[in-house]
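Visitor: If you scroll down you'll find the structure; I have some questions about it.
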Amino acid sequence: MHTQKKKKIIGIDLDDVLLDFNPTLYAWHNATYGTSFEHKDVTSYFIEDIWKCTRAEAVAKIVDFYLTDEHKNALPVSGAVQGIERLRKNHSLILVTSKPDYLRPLTVKWLEKHFPAMFQSIHFTNHWLGDKNKRRTKSELCRRLGIQVFVEDGPAHALDVATVCEQVFLFNRPWNQMEVFPPIVRVSSWEDIVQKLQ
Ligand SMILES: [Mg+2]
């Protein structure tokens, strides 16, 4: 029998941690623009590197994608529902996404469908889009909210929250294949995270 560890405040990213964002995005892109991207091709967090376009063009496409049914109906990442249900029993969970504030209604709806009442609060950092005056870093939020552990897939966000958090779980993805050092730990699944945090 394991001894139950102390309750933690855990920050959870949304896209590609809970919501299967990139697979949904490139399926939409392939159908809309006649491309044939696969998961293994997405080796950069910066979509313009993959699509071979400018940042402005990539942002414009993402803005379009946000409002599609494909995005609204995106599925949860495999194992995320069970993982969040398990973690919630022993810890406080806070959702922190770099998405813009204007997606709050859509995001809340999606979360209510797949992760009903699982999060203490939901925060948008407006990292790429939205009101620049409301732009924050994820580490600022961690400091303010007392987040001790973070689950993330974005390389820059992982490095950022690692300046504040005692533990950062980097969800293994083709776009984050850099060498990582504590407090960042690479994980391959939600089961892996639950096992390390129980
Ligand atoms: Mg993400």
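Ordering of the structure tokens sets the chain letters (A, B, ...); residue numbers start at 1 within each chain; ligands are numbered from 1 in the order shown.
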Please produce, as CSV, a per-residue contact table for chain A versus ligand 1 (criterion: any atom at most 12 Å away, only C-alpha atoms and all ligand atoms considered), showing the nearest atom pair and its distance in Å to one decimal, sorted by chain then residue number.
Guide:
```
residue,atom,partner,partner_atom_place_in_ligand_line,distance
A:Gly11,CA,ligand 1,1 (Mg),11.9
A:Ile12,CA,ligand 1,1 (Mg),9.1
A:Asp13,CA,ligand 1,1 (Mg),5.5
A:Leu14,CA,ligand 1,1 (Mg),5.6
A:Asp15,CA,ligand 1,1 (Mg),3.9
A:Asp16,CA,ligand 1,1 (Mg),4.8
A:Val17,CA,ligand 1,1 (Mg),5.8
A:Leu18,CA,ligand 1,1 (Mg),8.3
A:Leu19,CA,ligand 1,1 (Mg),8.4
A:Asp20,CA,ligand 1,1 (Mg),9.3
A:Phe21,CA,ligand 1,1 (Mg),7.9
A:Asn22,CA,ligand 1,1 (Mg),9.0
A:Tyr45,CA,ligand 1,1 (Mg),9.2
A:Phe46,CA,ligand 1,1 (Mg),11.8
A:Val77,CA,ligand 1,1 (Mg),11.1
A:Leu95,CA,ligand 1,1 (Mg),11.2
A:Val96,CA,ligand 1,1 (Mg),9.5
A:Thr97,CA,ligand 1,1 (Mg),7.4
A:Ser98,CA,ligand 1,1 (Mg),7.9
A:Lys99,CA,ligand 1,1 (Mg),9.4
A:His127,CA,ligand 1,1 (Mg),11.7
A:Lys138,CA,ligand 1,1 (Mg),11.6
A:Phe150,CA,ligand 1,1 (Mg),11.4
A:Val151,CA,ligand 1,1 (Mg),8.9
A:Glu152,CA,ligand 1,1 (Mg),5.8
A:Asp153,CA,ligand 1,1 (Mg),4.9
A:Gly154,CA,ligand 1,1 (Mg),5.4
A:Pro155,CA,ligand 1,1 (Mg),9.2
A:Ala156,CA,ligand 1,1 (Mg),10.4
A:His157,CA,ligand 1,1 (Mg),8.5
A:Ala158,CA,ligand 1,1 (Mg),9.7
A:Phe169,CA,ligand 1,1 (Mg),11.8
A:Leu170,CA,ligand 1,1 (Mg),9.8
A:Phe171,CA,ligand 1,1 (Mg),8.9
A:Asn172,CA,ligand 1,1 (Mg),11.1
A:Arg173,CA,ligand 1,1 (Mg),10.0
A:Trp175,CA,ligand 1,1 (Mg),10.5
A:Asn176,CA,ligand 1,1 (Mg),10.6
```
Visitor: Quick one: distance from atom CA of A:Lys72 to atom CA of A:Phe37 in Å, one decimal?
Guide: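 Rounded to one decimal, the two atoms are 20.7 Å apart.
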Visitor: So which bits of chain A end up strand (DSSP E or B) when you DSSP the backbone, as an NGL selection string?
Guide: :A and (9-12 or 15 or 19 or 76 or 92-97 or 121-124 or 149-152 or 167-171 or 184-187)
Visitor: Go ahead and write the selection's residues with C-alpha atoms as a PDB file, in the first residue's frame.
Guide:
```
ATOM      1  CA  ILE A   9      -2.187  22.436  -6.390  1.00  0.00           C
ATOM      2  CA  ILE A  10      -1.739  21.252  -9.959  1.00  0.00           C
ATOM      3  CA  GLY A  11      -1.862  23.445 -13.058  1.00  0.00           C
ATOM      4  CA  ILE A  12      -3.091  21.658 -16.156  1.00  0.00           C
ATOM      5  CA  ASP A  15      -4.365  21.733 -25.699  1.00  0.00           C
ATOM      6  CA  LEU A  19      -7.895  18.332 -25.639  1.00  0.00           C
ATOM      7  CA  PRO A  76     -10.036  14.400 -25.074  1.00  0.00           C
ATOM      8  CA  SER A  92      -6.674  20.703  -6.435  1.00  0.00           C
ATOM      9  CA  LEU A  93      -6.719  21.154 -10.190  1.00  0.00           C
ATOM     10  CA  ILE A  94      -6.488  24.501 -12.007  1.00  0.00           C
ATOM     11  CA  LEU A  95      -6.739  24.820 -15.775  1.00  0.00           C
ATOM     12  CA  VAL A  96      -4.255  27.222 -17.391  1.00  0.00           C
ATOM     13  CA  THR A  97      -4.363  27.691 -21.156  1.00  0.00           C
ATOM     14  CA  SER A 121     -10.745  27.643 -11.791  1.00  0.00           C
ATOM     15  CA  ILE A 122      -9.981  28.220 -15.484  1.00  0.00           C
ATOM     16  CA  HIS A 123      -7.437  30.797 -16.716  1.00  0.00           C
ATOM     17  CA  PHE A 124      -6.564  32.165 -20.155  1.00  0.00           C
ATOM     18  CA  VAL A 149       2.963  21.080 -10.138  1.00  0.00           C
ATOM     19  CA  PHE A 150       2.246  21.666 -13.834  1.00  0.00           C
ATOM     20  CA  VAL A 151       1.293  19.381 -16.725  1.00  0.00           C
ATOM     21  CA  GLU A 152       2.338  20.858 -20.086  1.00  0.00           C
ATOM     22  CA  GLN A 167       7.567  19.586 -10.595  1.00  0.00           C
ATOM     23  CA  VAL A 168       6.667  19.930 -14.279  1.00  0.00           C
ATOM     24  CA  PHE A 169       5.394  16.985 -16.290  1.00  0.00           C
ATOM     25  CA  LEU A 170       6.174  17.398 -19.974  1.00  0.00           C
ATOM     26  CA  PHE A 171       3.749  15.346 -22.031  1.00  0.00           C
ATOM     27  CA  ILE A 184      10.882  18.991 -15.732  1.00  0.00           C
ATOM     28  CA  VAL A 185      10.161  15.291 -16.134  1.00  0.00           C
ATOM     29  CA  ARG A 186       9.046  13.771 -19.435  1.00  0.00           C
ATOM     30  CA  VAL A 187       5.952  11.573 -19.232  1.00  0.00           C
TER      31      VAL A 187
END
```
Visitor: Which is closer to A:Val59 than all the others in A:Pro105, A:Leu129, A:Arg88, A:Phe181, using only C-alpha atoms?
Guide: A:Leu129
Visitor: Counting only C-alpha atoms, figure out which residue out of A:Leu103, A:Ala162, A:Leu87, A:Cys142 gets nearest to A:Ile193.
Guide: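 Nearest candidate to A:Ile193 out of A:Leu103, A:Ala162, A:Leu87, A:Cys142: A:Leu87.
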